[in-house]
file query.pdb (PDB, N, CA and C atoms)
MODEL        1
ATOM      1  N   MET A   1      -2.830  33.793 -71.811
ATOM      2  CA  MET A   1      -1.573  33.390 -71.214
ATOM      3  C   MET A   1      -0.938  34.602 -70.531
ATOM      4  N   VAL A   2      -0.526  34.438 -69.306
ATOM      5  CA  VAL A   2       0.104  35.516 -68.563
ATOM      6  C   VAL A   2       1.610  35.324 -68.601
ATOM      7  N   VAL A   3       2.306  36.354 -68.979
ATOM      8  CA  VAL A   3       3.763  36.306 -68.954
ATOM      9  C   VAL A   3       4.250  37.340 -67.960
ATOM     10  N   ALA A   4       5.511  37.277 -67.642
ATOM     11  CA  ALA A   4       6.069  38.214 -66.679
ATOM     12  C   ALA A   4       5.995  39.635 -67.222
ATOM     13  N   SER A   5       5.752  40.581 -66.321
ATOM     14  CA  SER A   5       5.716  41.972 -66.744
ATOM     15  C   SER A   5       7.116  42.416 -67.159
ATOM     16  N   LYS A   6       7.160  43.429 -68.019
ATOM     17  CA  LYS A   6       8.454  43.929 -68.486
ATOM     18  C   LYS A   6       9.283  44.469 -67.329
ATOM     19  N   SER A   7       8.634  45.104 -66.357
ATOM     20  CA  SER A   7       9.400  45.641 -65.228
ATOM     21  C   SER A   7      10.009  44.513 -64.398
ATOM     22  N   LEU A   8       9.291  43.404 -64.257
ATOM     23  CA  LEU A   8       9.826  42.268 -63.520
ATOM     24  C   LEU A   8      11.004  41.655 -64.273
ATOM     25  N   LEU A   9      10.866  41.520 -65.577
ATOM     26  CA  LEU A   9      11.979  40.990 -66.377
ATOM     27  C   LEU A   9      13.192  41.921 -66.319
ATOM     28  N   ARG A  10      12.949  43.225 -66.300
ATOM     29  CA  ARG A  10      14.056  44.184 -66.164
ATOM     30  C   ARG A  10      14.741  44.029 -64.809
ATOM     31  N   ARG A  11      13.943  43.812 -63.758
ATOM     32  CA  ARG A  11      14.532  43.623 -62.421
ATOM     33  C   ARG A  11      15.406  42.367 -62.376
ATOM     34  N   ILE A  12      14.931  41.291 -62.989
ATOM     35  CA  ILE A  12      15.713  40.050 -63.015
ATOM     36  C   ILE A  12      17.001  40.260 -63.804
ATOM     37  N   THR A  13      16.891  40.897 -64.964
ATOM     38  CA  THR A  13      18.066  41.158 -65.787
ATOM     39  C   THR A  13      19.063  42.057 -65.054
ATOM     40  N   ALA A  14      18.550  43.098 -64.383
ATOM     41  CA  ALA A  14      19.427  44.008 -63.635
ATOM     42  C   ALA A  14      20.125  43.282 -62.490
ATOM     43  N   ALA A  15      19.392  42.425 -61.791
ATOM     44  CA  ALA A  15      19.992  41.687 -60.676
ATOM     45  C   ALA A  15      21.064  40.726 -61.180
ATOM     46  N   LEU A  16      20.808  40.067 -62.312
ATOM     47  CA  LEU A  16      21.818  39.183 -62.897
ATOM     48  C   LEU A  16      23.052  39.970 -63.315
ATOM     49  N   GLY A  17      22.831  41.136 -63.912
ATOM     50  CA  GLY A  17      23.953  41.991 -64.305
ATOM     51  C   GLY A  17      24.749  42.463 -63.105
ATOM     52  N   ALA A  18      24.031  42.846 -62.046
ATOM     53  CA  ALA A  18      24.709  43.297 -60.823
ATOM     54  C   ALA A  18      25.509  42.166 -60.201
ATOM     55  N   LEU A  19      24.974  40.969 -60.249
ATOM     56  CA  LEU A  19      25.678  39.802 -59.711
ATOM     57  C   LEU A  19      26.942  39.534 -60.521
ATOM     58  N   ASP A  20      26.841  39.712 -61.820
ATOM     59  CA  ASP A  20      27.970  39.472 -62.710
ATOM     60  C   ASP A  20      29.119  40.452 -62.471
ATOM     61  N   ILE A  21      28.798  41.709 -62.170
ATOM     62  CA  ILE A  21      29.853  42.722 -62.014
ATOM     63  C   ILE A  21      30.195  43.026 -60.557
ATOM     64  N   ALA A  22      29.503  42.393 -59.625
ATOM     65  CA  ALA A  22      29.746  42.658 -58.200
ATOM     66  C   ALA A  22      31.212  42.376 -57.868
ATOM     67  N   ASP A  23      31.779  43.276 -57.055
ATOM     68  CA  ASP A  23      33.203  43.133 -56.749
ATOM     69  C   ASP A  23      33.490  42.716 -55.308
ATOM     70  N   GLY A  24      32.464  42.449 -54.555
ATOM     71  CA  GLY A  24      32.684  42.022 -53.177
ATOM     72  C   GLY A  24      31.536  41.163 -52.688
ATOM     73  N   PRO A  25      31.742  40.515 -51.551
ATOM     74  CA  PRO A  25      30.714  39.598 -51.053
ATOM     75  C   PRO A  25      29.385  40.284 -50.726
ATOM     76  N   ILE A  26      29.422  41.496 -50.209
ATOM     77  CA  ILE A  26      28.164  42.177 -49.849
ATOM     78  C   ILE A  26      27.411  42.611 -51.091
ATOM     79  N   SER A  27      28.109  43.113 -52.097
ATOM     80  CA  SER A  27      27.407  43.505 -53.328
ATOM     81  C   SER A  27      26.872  42.276 -54.058
ATOM     82  N   ARG A  28      27.587  41.144 -54.016
ATOM     83  CA  ARG A  28      27.063  39.904 -54.606
ATOM     84  C   ARG A  28      25.843  39.413 -53.822
ATOM     85  N   LEU A  29      25.910  39.515 -52.501
ATOM     86  CA  LEU A  29      24.777  39.110 -51.668
ATOM     87  C   LEU A  29      23.557  39.966 -51.973
ATOM     88  N   ASP A  30      23.754  41.272 -52.104
ATOM     89  CA  ASP A  30      22.630  42.161 -52.405
ATOM     90  C   ASP A  30      22.026  41.835 -53.765
ATOM     91  N   ALA A  31      22.862  41.568 -54.751
ATOM     92  CA  ALA A  31      22.365  41.209 -56.081
ATOM     93  C   ALA A  31      21.610  39.883 -56.023
ATOM     94  N   ALA A  32      22.131  38.921 -55.272
ATOM     95  CA  ALA A  32      21.462  37.626 -55.128
ATOM     96  C   ALA A  32      20.104  37.796 -54.444
ATOM     97  N   ARG A  33      20.046  38.669 -53.439
ATOM     98  CA  ARG A  33      18.774  38.929 -52.750
ATOM     99  C   ARG A  33      17.753  39.522 -53.713
ATOM    100  N   ARG A  34      18.192  40.508 -54.504
ATOM    101  CA  ARG A  34      17.277  41.135 -55.461
ATOM    102  C   ARG A  34      16.808  40.132 -56.519
ATOM    103  N   LEU A  35      17.694  39.254 -56.942
ATOM    104  CA  LEU A  35      17.329  38.222 -57.909
ATOM    105  C   LEU A  35      16.305  37.261 -57.313
ATOM    106  N   ARG A  36      16.538  36.846 -56.065
ATOM    107  CA  ARG A  36      15.600  35.934 -55.397
ATOM    108  C   ARG A  36      14.229  36.580 -55.260
ATOM    109  N   GLU A  37      14.182  37.839 -54.831
ATOM    110  CA  GLU A  37      12.903  38.525 -54.658
ATOM    111  C   GLU A  37      12.136  38.604 -55.980
ATOM    112  N   ALA A  38      12.841  38.933 -57.060
ATOM    113  CA  ALA A  38      12.186  39.028 -58.364
ATOM    114  C   ALA A  38      11.730  37.647 -58.835
ATOM    115  N   ALA A  39      12.549  36.631 -58.601
ATOM    116  CA  ALA A  39      12.179  35.265 -59.002
ATOM    117  C   ALA A  39      10.956  34.786 -58.222
ATOM    118  N   GLU A  40      10.889  35.115 -56.938
ATOM    119  CA  GLU A  40       9.718  34.730 -56.139
ATOM    120  C   GLU A  40       8.457  35.425 -56.642
ATOM    121  N   GLU A  41       8.603  36.683 -57.034
ATOM    122  CA  GLU A  41       7.458  37.417 -57.582
ATOM    123  C   GLU A  41       7.009  36.784 -58.901
ATOM    124  N   LEU A  42       7.966  36.408 -59.738
ATOM    125  CA  LEU A  42       7.658  35.742 -60.999
ATOM    126  C   LEU A  42       6.955  34.410 -60.742
ATOM    127  N   GLU A  43       7.473  33.647 -59.784
ATOM    128  CA  GLU A  43       6.876  32.356 -59.444
ATOM    129  C   GLU A  43       5.441  32.534 -58.954
ATOM    130  N   SER A  44       5.226  33.504 -58.097
ATOM    131  CA  SER A  44       3.878  33.781 -57.580
ATOM    132  C   SER A  44       2.916  34.116 -58.708
ATOM    133  N   ALA A  45       3.368  34.955 -59.626
ATOM    134  CA  ALA A  45       2.518  35.344 -60.757
ATOM    135  C   ALA A  45       2.185  34.129 -61.620
ATOM    136  N   GLN A  46       3.140  33.235 -61.789
ATOM    137  CA  GLN A  46       2.900  32.059 -62.613
ATOM    138  C   GLN A  46       1.999  31.051 -61.908
ATOM    139  N   ILE A  47       2.116  30.949 -60.590
ATOM    140  CA  ILE A  47       1.202  30.084 -59.822
ATOM    141  C   ILE A  47      -0.226  30.609 -59.986
ATOM    142  N   GLU A  48      -0.372  31.903 -59.799
ATOM    143  CA  GLU A  48      -1.698  32.517 -59.932
ATOM    144  C   GLU A  48      -2.258  32.317 -61.345
ATOM    145  N   ALA A  49      -1.408  32.491 -62.355
ATOM    146  CA  ALA A  49      -1.848  32.310 -63.741
ATOM    147  C   ALA A  49      -2.242  30.854 -63.996
ATOM    148  N   ALA A  50      -1.459  29.929 -63.461
ATOM    149  CA  ALA A  50      -1.766  28.504 -63.647
ATOM    150  C   ALA A  50      -3.104  28.156 -63.000
ATOM    151  N   ARG A  51      -3.342  28.675 -61.802
ATOM    152  CA  ARG A  51      -4.612  28.411 -61.120
ATOM    153  C   ARG A  51      -5.781  28.996 -61.910
ATOM    154  N   LYS A  52      -5.622  30.225 -62.404
ATOM    155  CA  LYS A  52      -6.692  30.853 -63.180
ATOM    156  C   LYS A  52      -6.957  30.096 -64.476
ATOM    157  N   ALA A  53      -5.920  29.437 -64.995
ATOM    158  CA  ALA A  53      -6.064  28.656 -66.229
ATOM    159  C   ALA A  53      -6.613  27.263 -65.955
ATOM    160  N   GLY A  54      -6.843  26.945 -64.671
ATOM    161  CA  GLY A  54      -7.459  25.667 -64.334
ATOM    162  C   GLY A  54      -6.516  24.602 -63.798
ATOM    163  N   ALA A  55      -5.245  24.925 -63.608
ATOM    164  CA  ALA A  55      -4.308  23.935 -63.061
ATOM    165  C   ALA A  55      -4.716  23.593 -61.631
ATOM    166  N   THR A  56      -4.597  22.328 -61.288
ATOM    167  CA  THR A  56      -4.934  21.888 -59.936
ATOM    168  C   THR A  56      -3.717  22.028 -59.034
ATOM    169  N   TRP A  57      -3.962  22.008 -57.729
ATOM    170  CA  TRP A  57      -2.843  22.045 -56.776
ATOM    171  C   TRP A  57      -2.008  20.779 -56.901
ATOM    172  N   SER A  58      -2.598  19.678 -57.293
ATOM    173  CA  SER A  58      -1.834  18.441 -57.516
ATOM    174  C   SER A  58      -0.858  18.615 -58.677
ATOM    175  N   GLU A  59      -1.308  19.247 -59.756
ATOM    176  CA  GLU A  59      -0.437  19.488 -60.908
ATOM    177  C   GLU A  59       0.695  20.447 -60.553
ATOM    178  N   ILE A  60       0.357  21.494 -59.827
ATOM    179  CA  ILE A  60       1.381  22.453 -59.403
ATOM    180  C   ILE A  60       2.380  21.764 -58.483
ATOM    181  N   GLY A  61       1.866  20.984 -57.543
ATOM    182  CA  GLY A  61       2.738  20.256 -56.631
ATOM    183  C   GLY A  61       3.695  19.337 -57.364
ATOM    184  N   ALA A  62       3.202  18.685 -58.418
ATOM    185  CA  ALA A  62       4.051  17.767 -59.180
ATOM    186  C   ALA A  62       5.264  18.490 -59.786
ATOM    187  N   CYS A  63       5.105  19.756 -60.150
ATOM    188  CA  CYS A  63       6.231  20.539 -60.689
ATOM    189  C   CYS A  63       7.346  20.719 -59.656
ATOM    190  N   TYR A  64       6.985  20.654 -58.396
ATOM    191  CA  TYR A  64       7.928  20.903 -57.305
ATOM    192  C   TYR A  64       8.258  19.651 -56.504
ATOM    193  N   GLY A  65       7.710  18.519 -56.930
ATOM    194  CA  GLY A  65       7.928  17.295 -56.166
ATOM    195  C   GLY A  65       7.176  17.311 -54.847
ATOM    196  N   LEU A  66       6.033  17.998 -54.835
ATOM    197  CA  LEU A  66       5.217  18.134 -53.629
ATOM    198  C   LEU A  66       3.861  17.470 -53.837
ATOM    199  N   THR A  67       3.224  17.173 -52.729
ATOM    200  CA  THR A  67       1.842  16.719 -52.782
ATOM    201  C   THR A  67       0.940  17.931 -52.995
ATOM    202  N   LYS A  68      -0.321  17.670 -53.217
ATOM    203  CA  LYS A  68      -1.312  18.742 -53.323
ATOM    204  C   LYS A  68      -1.250  19.632 -52.081
ATOM    205  N   GLN A  69      -1.253  18.985 -50.925
ATOM    206  CA  GLN A  69      -1.238  19.732 -49.670
ATOM    207  C   GLN A  69       0.072  20.506 -49.505
ATOM    208  N   GLY A  70       1.180  19.917 -49.929
ATOM    209  CA  GLY A  70       2.471  20.599 -49.842
ATOM    210  C   GLY A  70       2.488  21.856 -50.696
ATOM    211  N   ALA A  71       1.920  21.758 -51.896
ATOM    212  CA  ALA A  71       1.852  22.926 -52.782
ATOM    213  C   ALA A  71       0.951  24.001 -52.185
ATOM    214  N   GLN A  72      -0.184  23.579 -51.620
ATOM    215  CA  GLN A  72      -1.094  24.552 -51.011
ATOM    216  C   GLN A  72      -0.409  25.279 -49.860
ATOM    217  N   GLN A  73       0.345  24.557 -49.057
ATOM    218  CA  GLN A  73       1.034  25.182 -47.929
ATOM    219  C   GLN A  73       2.157  26.098 -48.407
ATOM    220  N   ARG A  74       2.910  25.651 -49.391
ATOM    221  CA  ARG A  74       4.043  26.448 -49.872
ATOM    222  C   ARG A  74       3.573  27.744 -50.519
ATOM    223  N   PHE A  75       2.487  27.663 -51.230
ATOM    224  CA  PHE A  75       1.989  28.834 -51.952
ATOM    225  C   PHE A  75       0.712  29.353 -51.320
ATOM    226  N   ARG A  76       0.726  29.477 -50.032
ATOM    227  CA  ARG A  76      -0.426  29.902 -49.242
ATOM    228  C   ARG A  76      -1.042  31.210 -49.749
ATOM    229  N   ALA A  77      -0.225  32.195 -50.132
ATOM    230  CA  ALA A  77      -0.760  33.492 -50.567
ATOM    231  C   ALA A  77      -1.623  33.325 -51.812
ATOM    232  N   ALA A  78      -1.161  32.548 -52.781
ATOM    233  CA  ALA A  78      -1.955  32.328 -53.993
ATOM    234  C   ALA A  78      -3.228  31.573 -53.645
ATOM    235  N   ARG A  79      -3.130  30.646 -52.696
ATOM    236  CA  ARG A  79      -4.294  29.894 -52.271
ATOM    237  C   ARG A  79      -5.311  30.811 -51.606
ATOM    238  N   GLY A  80      -4.828  31.772 -50.828
ATOM    239  CA  GLY A  80      -5.720  32.736 -50.185
ATOM    240  C   GLY A  80      -6.461  33.570 -51.207
ATOM    241  N   GLN A  81      -5.802  33.911 -52.309
ATOM    242  CA  GLN A  81      -6.456  34.668 -53.369
ATOM    243  C   GLN A  81      -7.542  33.829 -54.032
ATOM    244  N   ASP A  82      -7.284  32.525 -54.191
ATOM    245  CA  ASP A  82      -8.303  31.625 -54.753
ATOM    246  C   ASP A  82      -9.553  31.660 -53.878
ATOM    247  N   ARG A  83      -9.345  31.535 -52.579
ATOM    248  CA  ARG A  83     -10.478  31.510 -51.649
ATOM    249  C   ARG A  83     -11.228  32.826 -51.650
ATOM    250  N   ALA A  84     -10.479  33.934 -51.630
ATOM    251  CA  ALA A  84     -11.116  35.249 -51.585
ATOM    252  C   ALA A  84     -11.988  35.456 -52.819
ATOM    253  N   ALA A  85     -11.545  34.958 -53.957
ATOM    254  CA  ALA A  85     -12.321  35.109 -55.186
ATOM    255  C   ALA A  85     -13.560  34.211 -55.178
ATOM    256  N   ALA A  86     -13.470  33.076 -54.492
ATOM    257  CA  ALA A  86     -14.571  32.114 -54.499
ATOM    258  C   ALA A  86     -15.626  32.397 -53.432
ATOM    259  N   GLU A  87     -15.241  33.060 -52.360
ATOM    260  CA  GLU A  87     -16.163  33.281 -51.249
ATOM    261  C   GLU A  87     -16.745  34.689 -51.298
ATOM    262  N   PRO A  88     -18.019  34.829 -50.947
ATOM    263  CA  PRO A  88     -18.603  36.176 -50.882
ATOM    264  C   PRO A  88     -18.003  36.936 -49.699
ATOM    265  N   ALA A  89     -17.997  38.245 -49.824
ATOM    266  CA  ALA A  89     -17.493  39.058 -48.724
ATOM    267  C   ALA A  89     -18.391  38.893 -47.516
ATOM    268  N   GLU A  90     -17.764  38.819 -46.348
ATOM    269  CA  GLU A  90     -18.537  38.651 -45.118
ATOM    270  C   GLU A  90     -18.957  40.010 -44.581
ATOM    271  N   GLY A  91     -20.173  40.064 -44.110
ATOM    272  CA  GLY A  91     -20.649  41.276 -43.465
ATOM    273  C   GLY A  91     -20.324  41.218 -41.989
ATOM    274  N   PRO A  92     -20.776  42.193 -41.225
ATOM    275  CA  PRO A  92     -20.515  42.168 -39.783
ATOM    276  C   PRO A  92     -21.234  40.989 -39.135
ATOM    277  N   PRO A  93     -20.656  40.423 -38.088
ATOM    278  CA  PRO A  93     -21.305  39.279 -37.436
ATOM    279  C   PRO A  93     -22.646  39.698 -36.856
ATOM    280  N   THR A  94     -23.575  38.772 -36.897
ATOM    281  CA  THR A  94     -24.899  39.061 -36.346
ATOM    282  C   THR A  94     -25.058  38.312 -35.032
ATOM    283  N   ALA A  95     -25.868  38.851 -34.164
ATOM    284  CA  ALA A  95     -26.112  38.210 -32.870
ATOM    285  C   ALA A  95     -27.038  37.025 -33.072
ATOM    286  N   PRO A  96     -26.844  35.940 -32.322
ATOM    287  CA  PRO A  96     -27.745  34.792 -32.428
ATOM    288  C   PRO A  96     -29.159  35.192 -32.022
ATOM    289  N   LEU A  97     -30.106  34.360 -32.399
ATOM    290  CA  LEU A  97     -31.497  34.635 -32.016
ATOM    291  C   LEU A  97     -31.602  34.782 -30.502
ATOM    292  N   GLY A  98     -32.446  35.627 -30.051
ATOM    293  CA  GLY A  98     -32.612  35.863 -28.607
ATOM    294  C   GLY A  98     -31.734  36.991 -28.124
ATOM    295  N   GLY A  99     -30.915  37.573 -28.996
ATOM    296  CA  GLY A  99     -30.099  38.716 -28.626
ATOM    297  C   GLY A  99     -28.891  38.391 -27.788
ATOM    298  N   LYS A 100     -28.595  37.096 -27.508
ATOM    299  CA  LYS A 100     -27.436  36.740 -26.707
ATOM    300  C   LYS A 100     -26.194  36.717 -27.586
ATOM    301  N   LYS A 101     -25.091  37.090 -27.001
ATOM    302  CA  LYS A 101     -23.811  37.073 -27.706
ATOM    303  C   LYS A 101     -23.081  35.774 -27.414
ATOM    304  N   ALA A 102     -22.171  35.425 -28.317
ATOM    305  CA  ALA A 102     -21.363  34.218 -28.103
ATOM    306  C   ALA A 102     -20.617  34.362 -26.782
ATOM    307  N   GLY A 103     -20.605  33.317 -25.997
ATOM    308  CA  GLY A 103     -19.901  33.339 -24.717
ATOM    309  C   GLY A 103     -20.759  33.831 -23.570
ATOM    310  N   ASP A 104     -21.984  34.290 -23.855
ATOM    311  CA  ASP A 104     -22.887  34.756 -22.800
ATOM    312  C   ASP A 104     -23.494  33.536 -22.115
ATOM    313  N   LEU A 105     -23.136  33.344 -20.873
ATOM    314  CA  LEU A 105     -23.586  32.133 -20.155
ATOM    315  C   LEU A 105     -24.854  32.355 -19.350
ATOM    316  N   SER A 106     -25.328  33.586 -19.296
ATOM    317  CA  SER A 106     -26.536  33.824 -18.501
ATOM    318  C   SER A 106     -27.737  33.187 -19.179
ATOM    319  N   VAL A 107     -28.720  32.773 -18.372
ATOM    320  CA  VAL A 107     -29.904  32.097 -18.899
ATOM    321  C   VAL A 107     -31.059  33.046 -18.962
TER     322      VAL A 107
ENDMDL
END
call {"tool": "encode", "arguments": {"input": "query.pdb", "output": "structure tokens"}}
result
Amino acid sequence: MVVASKSLLRRITAALGALDIADGPISRLDAARRLREAAEELESAQIEAARKAGATWSEIGACYGLTKQGAQQRFRAARGQDRAAAEPAEGPPTAPLGGKKAGDLSV
């Protein structure tokens, strides 16, 4: 089971504290921004953990009232990590047989 890192939890706690004591609109806005950034990082980590634990995109989508495709689009970065882990690394492109390159129209 993956839980939030202590540094992430400290950032969330600090942002909440800053929001609580903020004395003006700009300092409240800055605290809200920091809280949102930390919450998004936490959400990303939990999406990744859920996927590694076998959760489907349909199940994740259901948590957000989204379809499978909606969840995949919303959490594109986590989806990209899934693909990168599943696909072998690509080597340099090779020329087609006959030594012609793509787009070469000569016969």
call {"tool": "closest_residue", "arguments": {"input": "query.pdb", "among": "A:Ile60, A:Ala77, A:Ala32, A:Ala71", "to": "A:Ala14", "atoms": "only C-alpha atoms"}}
result
A:Ala32
call {"tool": "atom_distance", "arguments": {"input": "query.pdb", "atom1": "atom CA of A:Arg74", "atom2": "atom CA of A:Ser44"}}
result
10.6 Å
call {"tool": "resolve_selection", "arguments": {"input": "query.pdb", "expression": "the PyMOL selection byres ((chain A and resi 55-57) around 8)", "output": "ChimeraX atom specification"}}
result
/A:49-54,58-63,66-72
call {"tool": "resolve_selection", "arguments": {"input": "query.pdb", "expression": "the PyMOL selection byres ((chain A and resi 38-42) around 8)", "output": "list in words"}}
result
Val3, Ala4, Ser5, Leu8, Leu9, Arg11, Ile12, Ala32, Arg33, Arg34, Leu35, Arg36, Glu37, Glu43, Ser44, Ala45, Gln46, Ile47 and Glu48 of chain A
call {"tool": "atom_distance", "arguments": {"input": "query.pdb", "atom1": "atom N of A:Asp30", "atom2": "atom C of A:Arg10"}}
result
15.8 Å
call {"tool": "atom_distance", "arguments": {"input": "query.pdb", "atom1": "atom CA of A:Leu29", "atom2": "atom CA of A:Leu16"}}
result
11.6 Å
